[in-house]
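Comments concern the structure below.
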2 protein chains.
Amino acid sequence: MTRLNETHDPSARSWVASASEPGTDFPIQNLPFGVWRRRGDARPPTVGVAIGNQVLDVTACLMAGLLADGVVEPAAACANPSLNALMEMGRDAASALRRALFALLKAGSDAEGRTDLLAPMDEVETFLPAQVGDYTDFYASVHHATNVGSMFRPDNPLLPNYKWVPIGYHGRASSLVPSGTPVRRPHGQLKGPHDDAPVFGPSRSLDYECEVGFFVGAGNALGETIPIERAEDHVWGLCLVNDWSARDVQSWEYQPLGPFLAKNFGTTVAPWVVTLDALEPFRAPRFERAEGDPQPLPHLDSPADRERGGFAVTVEVWLRTERMRAAGEGPTRVSRGSLADMYWTPAQMLAHHASNGCNLQPGDLLASGTISGPTEESRGCMLERTWRGANPLTLPNGEQRKFIDDGDEVILRGWCEREGFARIGFGEAAGVVLPAG
Amino acid sequence: MTRLNETHDPSARSWVASASEPGTDFPIQNLPFGVWRRRGDARPPTVGVAIGNQVLDVTACLMAGLLADGVVEPAAACANPSLNALMEMGRDAASALRRALFALLKAGSDAEGRTDLLAPMDEVETFLPAQVGDYTDFYASVHHATNVGSMFRPDNPLLPNYKWVPIGYHGRASSLVPSGTPVRRPHGQLKGPHDDAPVFGPSRSLDYECEVGFFVGAGNALGETIPIERAEDHVWGLCLVNDWSARDVQSWEYQPLGPFLAKNFGTTVAPWVVTLDALEPFRAPRFERAEGDPQPLPHLDSPADRERGGFAVTVEVWLRTERMRAAGEGPTRVSRGSLADMYWTPAQMLAHHASNGCNLQPGDLLASGTISGPTEESRGCMLERTWRGANPLTLPNGEQRKFIDDGDEVILRGWCEREGFARIGFGEAAGVVLPAG
């Protein structure tokens, strides 16, 4: 682990007191980037950094002369309503900026006490982190693929390509929405296995998918590839993604060209993008192939990928029904999984994506697919969690769920923890389901 | 047919002489929009209109005071490097502008002889017509679906959803390229049915798909639908699209989430977008369902859609190999089909796309999928034309083709013809295949 530096020192403290509170998602060792503005402010939003329960205004830091020459360019790129310009500069520029902001936020810095550079999180609104040109969703959990496959194709659950190809498909960029945006239950064609004909109506099996997304930093030109050994240089940062899915629409429409209307009515993206620098202490070994499983083909394999592996990001799904909200009750946890259980690393997925010369662009979003592990409790969607409704979940207040009901709020949370390091949190990706229109 | 007006009068003549030449794609009755600039001009391109062998500079017309108050706004939207702003105004604004440009270009108008408003086509470069937020590809030829299905799934060629659902999937927006851009043969995972394991290498079965694309004009908000009876108001115009496909990559990767790397290495888009106004005389009845085929569900059916139908656009594929080029020979025709053979109308595809609340945005591109008819000569891709290579094509110079070779140029052409109306052409979508990198 050669990339550790002072920003990973667990004893570092910020002059922003809330950054040192136990359980915070945003200690000084994190410093994730997002797009924000003060609520009620008519000016366009800009790029900021989460610290404790505050947002640091990077543009204000620059204008106050608190950032040295070496990082003026990436800091200036933060005066935009998206992270695209900063992402385009690549990971090194963002690393330098993160280290400069770390120094600025550290107890004893020249900026200490400059609360004018901060805004309390409960007084800001956050936006999509980037203007996403293309959104790609992978299918990287072999547990998820096997579970779903056994429901949709009982005779043929895991297809022969799965362990060779990082399976993915193009999602819809226009319907990516920032956390907090309500999602309307879609209509669609529904046909049960015993129905003669489909009907058009509101989905009866609305689901979430708990995923981690990867934003592309520097891109590649069309016709050029990104070799696996350099793939991680193009992964700018990670965030939580909920790929809402209408399972009944999906099962009827998905052959032969894949999911379409089952997925493109809304995808919730968390506001904070955690950089790979912040995640460096939380490396996880690559998925351990079973006896007889193929090793990755050479273009998906490298000593660096074997050594680095992926990331041990714990992800949780929390549910809060309308009745719970009315009773003043908090959400209840439905599942907990880990990005470390994915069959492919982010670098492998990205290298695969560009292996045919497909051009990835700054701000493009790649997502992992549903994160499911080997246990029932680690299954990252209701389809698997309730086995298509066969085993409904009973919530603490007695309510039952096979899928997601109108008024339910689904909240994804994520973090990394490891002895000897500060806890790195991902914030939340949340959305309430509205009744069909 | 209530929407005919003076712009459809076949006797109308332009003061641009080449617009009256027999066989021109661009008579005064057409006036398709595109993005162009004079070769060597460093200024950003703008929106123009094709007329004969010339491009009309709409911005210059506006600045010369040749456009009346009613169309100043759409004409001003043409001072952009994409059609998005004009598309966003909706079809009525573009209709008004087209009629004003028709009047301006008509013999005897005040602008007669103003060659300073024109640029010869052979002195301009053209670009993607729009900045495409999302690209969606349909699969609307039942002939194509049946042919391909019988090769990929001999036991199950046409899936049970096909005649109910306008099958489509999300394509890649970043790799859309303007006509004339070379396309590099992609690498990918290849595995024959008798191979033990896939290998990674250059595709051995590179193919084109001859399609017609539809650009979205005015969009819809996320969560709102576009009823079928208003769907055509959102179809701004049509153009030729070649959805290059690597068939060997496709057959191995496509289950269960659909085509991905087999399709996202390049998609060629023609420069000229033909408005629905220009196409009004070329209406074609909806696809005639066979005895026992289901009628469209109510959200895909309306009296207006039944009455209007689709469009009888003839499309052709022409091929020019490296040897033909070296010998100074022109391209040879490989196939001829018609958009009228599609199972779904553009309006049905668009209404389906938005039927779950998916937000379509100005400049989004929807494409028909491969246009194949019932005859061998009407099959719009090599996979079908040569039956996966089983019946190679012999070209006039004796060369044979199972798929597309390096150095081959594929050229799509399209037009509408009908007794009593001027011929409306679509120009070309062309691209040469470069060897794998």
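Chain labels run A, B, ... following the order of the structure tokens; each chain numbers its residues from 1, and ligands are numbered from 1 in the order shown.
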
Report task. Might you pull out every residue within 9 Å of Leu279 in chain A, with only C-alpha atoms counted and same-chain residues fewer than 5 positions away left off, and present them as a list in words? Result -> Asn30, Gly237, Val274, Phe311, Ala312, Val313, Cys416 and Ile424 of chain A

Export, as a tab-separated table (two decimals), in the first residue's frame, the selected residues with N, CA, C and O atoms.
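Below is the file out_7.tsv, written as the result:
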```
chain	number	residue	atom	x	y	z
A	30	ASN	N	-11.71	12.09	4.67
A	30	ASN	CA	-12.56	11.74	3.54
A	30	ASN	C	-12.53	12.82	2.46
A	30	ASN	O	-11.94	12.66	1.42
A	237	GLY	N	-13.87	8.57	-8.78
A	237	GLY	CA	-14.39	8.44	-7.43
A	237	GLY	C	-15.66	7.60	-7.43
A	237	GLY	O	-16.19	7.25	-8.50
A	274	VAL	N	-16.74	10.00	-3.35
A	274	VAL	CA	-15.57	9.70	-2.52
A	274	VAL	C	-14.41	9.36	-3.45
A	274	VAL	O	-14.53	8.47	-4.29
A	311	PHE	N	-12.52	-2.54	-3.59
A	311	PHE	CA	-12.68	-1.73	-2.38
A	311	PHE	C	-13.72	-2.36	-1.47
A	311	PHE	O	-14.77	-2.80	-1.93
A	312	ALA	N	-13.41	-2.37	-0.18
A	312	ALA	CA	-14.35	-2.95	0.80
A	312	ALA	C	-15.30	-1.86	1.28
A	312	ALA	O	-15.15	-1.32	2.37
A	313	VAL	N	-16.26	-1.52	0.42
A	313	VAL	CA	-17.28	-0.54	0.80
A	313	VAL	C	-18.50	-1.31	1.31
A	313	VAL	O	-19.09	-2.11	0.57
A	416	CYS	N	-16.67	2.80	4.74
A	416	CYS	CA	-15.52	1.91	4.89
A	416	CYS	C	-14.99	2.05	6.31
A	416	CYS	O	-14.90	3.17	6.84
A	424	ILE	N	-14.69	6.18	6.70
A	424	ILE	CA	-14.99	6.99	5.52
A	424	ILE	C	-16.43	6.70	5.09
A	424	ILE	O	-16.76	5.56	4.77
```

Near chain A, 8 Å: chain B residue rows, closest pairs, only C-alpha atoms, as JSON lines:
```
{"residue": "B:Gly133", "atom": "CA", "partner": "A:Gly133", "partner_atom": "CA", "distance": 6.5}
{"residue": "B:Asp134", "atom": "CA", "partner": "A:Ala173", "partner_atom": "CA", "distance": 6.5}
{"residue": "B:Leu159", "atom": "CA", "partner": "A:Gln255", "partner_atom": "CA", "distance": 7.3}
{"residue": "B:Asn161", "atom": "CA", "partner": "A:Glu253", "partner_atom": "CA", "distance": 6.6}
{"residue": "B:Trp164", "atom": "CA", "partner": "A:Pro198", "partner_atom": "CA", "distance": 7.8}
{"residue": "B:Val165", "atom": "CA", "partner": "A:Glu253", "partner_atom": "CA", "distance": 6.9}
{"residue": "B:Ile167", "atom": "CA", "partner": "A:Glu253", "partner_atom": "CA", "distance": 7.1}
{"residue": "B:Gly168", "atom": "CA", "partner": "A:Leu257", "partner_atom": "CA", "distance": 6.7}
{"residue": "B:Tyr169", "atom": "CA", "partner": "A:Phe260", "partner_atom": "CA", "distance": 5.5}
{"residue": "B:His170", "atom": "CA", "partner": "A:His170", "partner_atom": "CA", "distance": 5.3}
{"residue": "B:Gly171", "atom": "CA", "partner": "A:His170", "partner_atom": "CA", "distance": 6.1}
{"residue": "B:Arg172", "atom": "CA", "partner": "A:His170", "partner_atom": "CA", "distance": 6.7}
{"residue": "B:Ala173", "atom": "CA", "partner": "A:Asp134", "partner_atom": "CA", "distance": 6.5}
{"residue": "B:Ser174", "atom": "CA", "partner": "A:Asn359", "partner_atom": "CA", "distance": 6.5}
{"residue": "B:Ser175", "atom": "CA", "partner": "A:Asn359", "partner_atom": "CA", "distance": 6.4}
{"residue": "B:Val183", "atom": "CA", "partner": "A:Gly223", "partner_atom": "CA", "distance": 7.7}
{"residue": "B:Arg184", "atom": "CA", "partner": "A:Gly223", "partner_atom": "CA", "distance": 5.9}
{"residue": "B:Pro186", "atom": "CA", "partner": "A:Asn356", "partner_atom": "CA", "distance": 4.7}
{"residue": "B:His187", "atom": "CA", "partner": "A:Asn356", "partner_atom": "CA", "distance": 4.9}
{"residue": "B:Gly188", "atom": "CA", "partner": "A:Asn356", "partner_atom": "CA", "distance": 6.0}
{"residue": "B:Gln189", "atom": "CA", "partner": "A:Val165", "partner_atom": "CA", "distance": 7.7}
{"residue": "B:Pro198", "atom": "CA", "partner": "A:Trp164", "partner_atom": "CA", "distance": 7.7}
{"residue": "B:Val199", "atom": "CA", "partner": "A:Leu297", "partner_atom": "CA", "distance": 7.6}
{"residue": "B:Phe200", "atom": "CA", "partner": "A:Leu297", "partner_atom": "CA", "distance": 7.4}
{"residue": "B:Leu222", "atom": "CA", "partner": "A:Ser175", "partner_atom": "CA", "distance": 6.7}
{"residue": "B:Gly223", "atom": "CA", "partner": "A:Arg184", "partner_atom": "CA", "distance": 6.0}
{"residue": "B:Glu224", "atom": "CA", "partner": "A:Gly437", "partner_atom": "CA", "distance": 7.8}
{"residue": "B:Trp252", "atom": "CA", "partner": "A:Asn161", "partner_atom": "CA", "distance": 6.7}
{"residue": "B:Glu253", "atom": "CA", "partner": "A:Asn161", "partner_atom": "CA", "distance": 6.6}
{"residue": "B:Tyr254", "atom": "CA", "partner": "A:Leu257", "partner_atom": "CA", "distance": 7.4}
{"residue": "B:Gln255", "atom": "CA", "partner": "A:Leu159", "partner_atom": "CA", "distance": 7.4}
{"residue": "B:Pro256", "atom": "CA", "partner": "A:Gly258", "partner_atom": "CA", "distance": 6.3}
{"residue": "B:Leu257", "atom": "CA", "partner": "A:Gly258", "partner_atom": "CA", "distance": 4.0}
{"residue": "B:Gly258", "atom": "CA", "partner": "A:Leu257", "partner_atom": "CA", "distance": 4.0}
{"residue": "B:Pro259", "atom": "CA", "partner": "A:Leu257", "partner_atom": "CA", "distance": 6.4}
{"residue": "B:Phe260", "atom": "CA", "partner": "A:Tyr169", "partner_atom": "CA", "distance": 5.5}
{"residue": "B:Leu261", "atom": "CA", "partner": "A:Asn356", "partner_atom": "CA", "distance": 6.4}
{"residue": "B:Asn264", "atom": "CA", "partner": "A:Cys358", "partner_atom": "CA", "distance": 5.8}
{"residue": "B:Phe265", "atom": "CA", "partner": "A:Cys358", "partner_atom": "CA", "distance": 4.7}
{"residue": "B:Gly266", "atom": "CA", "partner": "A:Cys358", "partner_atom": "CA", "distance": 7.5}
{"residue": "B:Leu297", "atom": "CA", "partner": "A:Phe200", "partner_atom": "CA", "distance": 7.4}
{"residue": "B:His299", "atom": "CA", "partner": "A:Phe200", "partner_atom": "CA", "distance": 7.7}
{"residue": "B:His353", "atom": "CA", "partner": "A:Leu261", "partner_atom": "CA", "distance": 7.0}
{"residue": "B:Ser355", "atom": "CA", "partner": "A:His187", "partner_atom": "CA", "distance": 6.7}
{"residue": "B:Asn356", "atom": "CA", "partner": "A:Pro186", "partner_atom": "CA", "distance": 4.7}
{"residue": "B:Gly357", "atom": "CA", "partner": "A:Phe265", "partner_atom": "CA", "distance": 5.7}
{"residue": "B:Cys358", "atom": "CA", "partner": "A:Phe265", "partner_atom": "CA", "distance": 4.7}
{"residue": "B:Asn359", "atom": "CA", "partner": "A:Ser175", "partner_atom": "CA", "distance": 6.4}
{"residue": "B:Leu360", "atom": "CA", "partner": "A:Ser174", "partner_atom": "CA", "distance": 7.4}
{"residue": "B:Gln361", "atom": "CA", "partner": "A:Ser174", "partner_atom": "CA", "distance": 7.6}
{"residue": "B:Gly437", "atom": "CA", "partner": "A:Gly223", "partner_atom": "CA", "distance": 7.7}
```

Report task. Extract, using only C-alpha atoms, all DNA, RNA and protein residues at most 12 Å from Val72 in chain A, discarding same-chain residues fewer than 2 positions from it, and format them as a ChimeraX atom specification. Result -> /A:58-59,61-70,74-79,86,93-94,96-97,100-101

Pull all heavy atoms from the residues just selected and write them as a compact mmCIF listing (two decimals), in the first residue's frame.
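To be explicit, this is the file written out as out-v3.txt:
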```
# COMPACT_ATOMS: atom_id res chain seq x y z
N VAL A 58 -15.38 25.57 -1.95
CA VAL A 58 -14.03 25.58 -2.53
C VAL A 58 -13.76 26.89 -3.25
O VAL A 58 -12.66 27.45 -3.16
CB VAL A 58 -13.84 24.38 -3.48
CG1 VAL A 58 -12.45 24.41 -4.13
CG2 VAL A 58 -14.05 23.06 -2.75
N THR A 59 -14.77 27.39 -3.94
CA THR A 59 -14.59 28.65 -4.66
C THR A 59 -14.27 29.80 -3.69
O THR A 59 -13.41 30.63 -3.97
CB THR A 59 -15.86 28.97 -5.48
OG1 THR A 59 -16.19 27.82 -6.27
CG2 THR A 59 -15.65 30.15 -6.39
N CYS A 61 -12.78 29.49 -0.83
CA CYS A 61 -11.39 29.27 -0.38
C CYS A 61 -10.40 29.85 -1.38
O CYS A 61 -9.42 30.50 -1.02
CB CYS A 61 -11.10 27.78 -0.20
SG CYS A 61 -12.06 26.98 1.09
N LEU A 62 -10.69 29.61 -2.67
CA LEU A 62 -9.81 30.12 -3.72
C LEU A 62 -9.80 31.65 -3.72
O LEU A 62 -8.75 32.28 -3.75
CB LEU A 62 -10.29 29.59 -5.07
CG LEU A 62 -9.49 30.01 -6.31
CD1 LEU A 62 -8.05 29.50 -6.22
CD2 LEU A 62 -10.15 29.50 -7.59
N MET A 63 -11.01 32.24 -3.61
CA MET A 63 -11.11 33.69 -3.67
C MET A 63 -10.49 34.34 -2.43
O MET A 63 -10.01 35.46 -2.48
CB MET A 63 -12.56 34.10 -3.82
CG MET A 63 -13.18 33.43 -5.07
SD MET A 63 -14.33 34.41 -6.00
CE MET A 63 -15.71 34.49 -4.89
N ALA A 64 -10.48 33.60 -1.33
CA ALA A 64 -9.87 34.13 -0.10
C ALA A 64 -8.35 33.98 -0.11
O ALA A 64 -7.69 34.32 0.88
CB ALA A 64 -10.47 33.41 1.12
N GLY A 65 -7.80 33.45 -1.19
CA GLY A 65 -6.35 33.31 -1.29
C GLY A 65 -5.78 32.23 -0.41
O GLY A 65 -4.60 32.25 -0.06
N LEU A 66 -6.60 31.26 -0.06
CA LEU A 66 -6.16 30.22 0.86
C LEU A 66 -5.59 28.99 0.15
O LEU A 66 -5.24 28.01 0.81
CB LEU A 66 -7.33 29.79 1.76
CG LEU A 66 -7.78 30.86 2.77
CD1 LEU A 66 -9.16 30.55 3.32
CD2 LEU A 66 -6.76 30.98 3.90
N LEU A 67 -5.57 29.02 -1.18
CA LEU A 67 -5.08 27.85 -1.92
C LEU A 67 -3.85 28.26 -2.73
O LEU A 67 -3.87 29.28 -3.42
CB LEU A 67 -6.18 27.28 -2.81
CG LEU A 67 -7.34 26.66 -2.03
CD1 LEU A 67 -8.52 26.37 -2.94
CD2 LEU A 67 -6.90 25.38 -1.32
N ALA A 68 -2.82 27.44 -2.65
CA ALA A 68 -1.54 27.79 -3.27
C ALA A 68 -1.59 27.61 -4.78
O ALA A 68 -2.50 26.98 -5.33
CB ALA A 68 -0.44 26.92 -2.67
N ASP A 69 -0.59 28.18 -5.44
CA ASP A 69 -0.53 28.19 -6.90
C ASP A 69 -0.76 26.81 -7.51
O ASP A 69 -1.46 26.68 -8.51
CB ASP A 69 0.85 28.68 -7.36
CG ASP A 69 0.97 30.19 -7.19
OD1 ASP A 69 -0.07 30.81 -6.86
OD2 ASP A 69 2.06 30.72 -7.39
N GLY A 70 -0.18 25.79 -6.92
CA GLY A 70 -0.24 24.45 -7.50
C GLY A 70 -1.64 23.91 -7.70
O GLY A 70 -1.85 23.00 -8.51
N PRO A 74 -7.34 23.27 -10.51
CA PRO A 74 -8.45 22.42 -10.07
C PRO A 74 -9.44 23.14 -9.15
O PRO A 74 -10.64 22.88 -9.22
CB PRO A 74 -7.77 21.24 -9.36
CG PRO A 74 -6.37 21.66 -9.12
CD PRO A 74 -6.03 22.67 -10.15
N ALA A 75 -8.94 24.06 -8.33
CA ALA A 75 -9.88 24.80 -7.47
C ALA A 75 -10.79 25.68 -8.32
O ALA A 75 -11.99 25.81 -8.04
CB ALA A 75 -9.11 25.63 -6.45
N ALA A 76 -10.23 26.27 -9.37
CA ALA A 76 -11.06 27.12 -10.24
C ALA A 76 -12.11 26.28 -10.97
O ALA A 76 -13.21 26.76 -11.26
CB ALA A 76 -10.17 27.86 -11.24
N ALA A 77 -11.77 25.03 -11.26
CA ALA A 77 -12.74 24.14 -11.93
C ALA A 77 -13.94 23.85 -11.04
O ALA A 77 -14.96 23.34 -11.51
CB ALA A 77 -12.07 22.83 -12.34
N CYS A 78 -13.81 24.18 -9.74
CA CYS A 78 -14.93 23.95 -8.81
C CYS A 78 -16.00 25.04 -8.90
O CYS A 78 -17.07 24.89 -8.31
CB CYS A 78 -14.41 23.84 -7.38
SG CYS A 78 -13.39 22.36 -7.13
N ALA A 79 -15.72 26.10 -9.62
CA ALA A 79 -16.72 27.16 -9.79
C ALA A 79 -17.68 26.80 -10.92
O ALA A 79 -18.03 27.63 -11.75
CB ALA A 79 -16.02 28.49 -10.07
N LEU A 86 -13.53 19.35 -13.24
CA LEU A 86 -12.52 18.82 -12.32
C LEU A 86 -12.19 17.37 -12.67
O LEU A 86 -11.02 16.97 -12.67
CB LEU A 86 -13.01 18.93 -10.88
CG LEU A 86 -12.04 18.47 -9.79
CD1 LEU A 86 -10.73 19.26 -9.83
CD2 LEU A 86 -12.69 18.57 -8.40
N ALA A 93 -4.84 15.87 -10.41
CA ALA A 93 -5.28 17.23 -10.08
C ALA A 93 -6.21 17.22 -8.87
O ALA A 93 -6.09 18.05 -7.96
CB ALA A 93 -5.98 17.85 -11.28
N ALA A 94 -7.11 16.24 -8.84
CA ALA A 94 -8.03 16.15 -7.71
C ALA A 94 -7.30 15.75 -6.43
O ALA A 94 -7.64 16.22 -5.33
CB ALA A 94 -9.15 15.16 -8.03
N ALA A 96 -4.21 16.51 -5.66
CA ALA A 96 -3.52 17.70 -5.16
C ALA A 96 -4.50 18.64 -4.47
O ALA A 96 -4.21 19.19 -3.39
CB ALA A 96 -2.82 18.41 -6.32
N LEU A 97 -5.68 18.82 -5.07
CA LEU A 97 -6.67 19.70 -4.45
C LEU A 97 -7.14 19.14 -3.12
O LEU A 97 -7.27 19.87 -2.14
CB LEU A 97 -7.86 19.89 -5.41
CG LEU A 97 -8.99 20.77 -4.89
CD1 LEU A 97 -8.49 22.17 -4.53
CD2 LEU A 97 -10.13 20.86 -5.91
N ALA A 100 -4.60 19.84 -0.52
CA ALA A 100 -4.59 21.26 -0.14
C ALA A 100 -5.78 21.58 0.78
O ALA A 100 -5.66 22.34 1.75
CB ALA A 100 -4.64 22.13 -1.40
N LEU A 101 -6.92 20.98 0.48
CA LEU A 101 -8.10 21.24 1.33
C LEU A 101 -7.93 20.56 2.68
O LEU A 101 -8.41 21.07 3.70
CB LEU A 101 -9.36 20.76 0.62
CG LEU A 101 -9.69 21.48 -0.71
CD1 LEU A 101 -10.87 20.81 -1.40
CD2 LEU A 101 -9.98 22.96 -0.47
```

Requested in this report: Identify, with DSSP run on backbone atoms, the residues in range 216-348 of chain A assigned to strand (DSSP E), and express the list as a ChimeraX atom specification.
Outcome: /A:216,235-242,245-246,267-269,274-275,283-284,310-311,314-320,332-338

Serialized selection, C-alpha atoms, as an mmCIF file, in the first residue's frame:
```cif
data_model
loop_
_atom_site.group_PDB
_atom_site.id
_atom_site.type_symbol
_atom_site.label_atom_id
_atom_site.label_comp_id
_atom_site.auth_asym_id
_atom_site.auth_seq_id
_atom_site.Cartn_x
_atom_site.Cartn_y
_atom_site.Cartn_z
ATOM 1 C CA VAL A 216 -14.957 8.551 -15.075
ATOM 2 C CA VAL A 235 -11.820 5.967 -12.048
ATOM 3 C CA TRP A 236 -12.277 9.363 -10.418
ATOM 4 C CA GLY A 237 -14.395 8.437 -7.427
ATOM 5 C CA LEU A 238 -17.228 6.336 -6.057
ATOM 6 C CA CYS A 239 -20.753 7.107 -4.904
ATOM 7 C CA LEU A 240 -24.000 5.332 -4.003
ATOM 8 C CA VAL A 241 -26.541 4.586 -6.744
ATOM 9 C CA ASN A 242 -30.069 3.194 -6.521
ATOM 10 C CA SER A 245 -36.360 -1.355 -11.234
ATOM 11 C CA ALA A 246 -39.862 -2.481 -12.142
ATOM 12 C CA THR A 267 -32.018 6.270 -10.922
ATOM 13 C CA THR A 268 -31.017 7.925 -7.655
ATOM 14 C CA VAL A 269 -27.441 9.189 -7.292
ATOM 15 C CA VAL A 274 -15.571 9.704 -2.523
ATOM 16 C CA THR A 275 -12.168 9.834 -4.193
ATOM 17 C CA ARG A 283 -8.528 -2.155 -0.549
ATOM 18 C CA ALA A 284 -10.082 -5.598 -0.757
ATOM 19 C CA GLY A 310 -11.277 -3.636 -5.358
ATOM 20 C CA PHE A 311 -12.675 -1.729 -2.380
ATOM 21 C CA THR A 314 -20.085 -1.691 3.103
ATOM 22 C CA VAL A 315 -23.503 -0.780 1.731
ATOM 23 C CA GLU A 316 -26.837 -0.868 3.504
ATOM 24 C CA VAL A 317 -30.439 -0.469 2.443
ATOM 25 C CA TRP A 318 -32.832 1.205 4.872
ATOM 26 C CA LEU A 319 -36.588 1.420 4.452
ATOM 27 C CA ARG A 320 -39.034 3.903 5.957
ATOM 28 C CA THR A 332 -35.242 0.148 9.436
ATOM 29 C CA ARG A 333 -32.352 -1.730 7.894
ATOM 30 C CA VAL A 334 -33.222 -4.245 5.179
ATOM 31 C CA SER A 335 -29.808 -5.468 4.069
ATOM 32 C CA ARG A 336 -26.071 -5.025 4.335
ATOM 33 C CA GLY A 337 -23.572 -6.068 1.680
ATOM 34 C CA SER A 338 -20.102 -5.220 0.452
#
```

Report task. Just give me the gap between CA of Gln348 in chain A and CA of Ala290 in chain A in Å, one decimal is fine. Result ->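 Interatomic distance here is 18.3 Å.
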
Compile the contact shell of range 44-46 of chain A as a short mmCIF file (atom, residue, chain, number, x, y, z; two decimals) with C-alpha atoms, in the first residue's frame: residues with an atom at most 12 Å away, counting only C-alpha atoms, same-chain residues fewer than 6 positions apart removed.
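As written to disk, out_5.cif reads:
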```
data_model
loop_
_atom_site.label_atom_id
_atom_site.label_comp_id
_atom_site.auth_asym_id
_atom_site.auth_seq_id
_atom_site.Cartn_x
_atom_site.Cartn_y
_atom_site.Cartn_z
CA PHE A 33 -16.71 16.25 -3.63
CA GLY A 34 -20.26 17.24 -4.55
CA VAL A 35 -22.34 20.00 -6.12
CA TRP A 36 -24.28 22.24 -3.76
CA ARG A 37 -25.67 25.67 -3.00
CA ARG A 38 -27.31 27.38 -0.06
CA VAL A 55 -19.95 21.86 3.22
CA LEU A 56 -16.71 23.65 2.39
CA ASP A 57 -17.09 26.26 -0.36
CA VAL A 58 -14.03 25.58 -2.53
CA THR A 59 -14.59 28.65 -4.66
CA ALA A 60 -14.68 30.83 -1.55
CA ALA A 75 -9.88 24.80 -7.47
CA ALA A 76 -11.06 27.12 -10.24
CA ALA A 77 -12.74 24.14 -11.93
CA CYS A 78 -14.93 23.95 -8.81
CA ALA A 79 -16.72 27.16 -9.79
CA ASN A 80 -19.00 25.04 -12.00
CA PRO A 81 -22.41 23.46 -11.47
CA SER A 82 -20.93 19.99 -12.04
CA LEU A 83 -17.74 18.08 -11.32
CA ASN A 84 -17.08 17.45 -15.02
CA ALA A 85 -14.34 20.07 -15.41
CA LEU A 86 -12.52 18.82 -12.32
CA VAL A 124 -27.90 23.44 1.52
CA GLU A 125 -29.34 21.58 -1.42
CA THR A 126 -27.24 19.11 -3.36
CA PHE A 127 -27.39 18.12 -7.02
CA LEU A 128 -26.18 15.44 -9.37
CA PRO A 129 -22.40 15.39 -8.98
CA ALA A 130 -21.82 15.46 -12.72
#
```

Query - Surrounding residues of range 321-325 of chain A excluding itself and chain neighbours under 3 positions, 8 Å, only C-alpha atoms, as a ChimeraX atom specification - result: /A:328-331,397,405,407-409

For the selection just defined, write its residues with N, CA, C and O atoms to a file, as a compact mmCIF listing (two decimals), in the first residue's frame.
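Contents of again.txt, as written:
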```
# COMPACT_ATOMS: atom_id res chain seq x y z
N GLY A 328 -43.40 8.94 13.35
CA GLY A 328 -42.14 9.54 13.80
C GLY A 328 -41.03 8.51 13.98
O GLY A 328 -40.04 8.79 14.68
N GLU A 329 -41.19 7.35 13.36
CA GLU A 329 -40.16 6.32 13.50
C GLU A 329 -39.10 6.47 12.40
O GLU A 329 -39.41 6.85 11.27
N GLY A 330 -37.88 6.14 12.76
CA GLY A 330 -36.79 6.17 11.79
C GLY A 330 -36.84 4.97 10.88
O GLY A 330 -37.65 4.05 11.08
N PRO A 331 -35.99 4.95 9.87
CA PRO A 331 -35.95 3.83 8.93
C PRO A 331 -35.39 2.55 9.57
O PRO A 331 -34.72 2.62 10.60
N ASN A 397 -42.64 -2.59 12.74
CA ASN A 397 -44.00 -2.18 13.12
C ASN A 397 -45.06 -3.17 12.64
O ASN A 397 -46.26 -2.88 12.69
N ASP A 405 -43.71 -0.26 -1.66
CA ASP A 405 -45.04 0.34 -1.74
C ASP A 405 -44.96 1.85 -1.98
O ASP A 405 -43.94 2.48 -1.68
N GLY A 407 -45.18 5.57 -1.14
CA GLY A 407 -44.89 6.24 0.13
C GLY A 407 -43.66 5.72 0.84
O GLY A 407 -43.17 6.37 1.77
N ASP A 408 -43.16 4.58 0.44
CA ASP A 408 -41.93 4.06 1.04
C ASP A 408 -40.74 4.92 0.64
O ASP A 408 -40.61 5.32 -0.53
N GLU A 409 -39.88 5.14 1.60
CA GLU A 409 -38.60 5.79 1.29
C GLU A 409 -37.51 4.74 1.38
O GLU A 409 -37.42 4.00 2.35
```
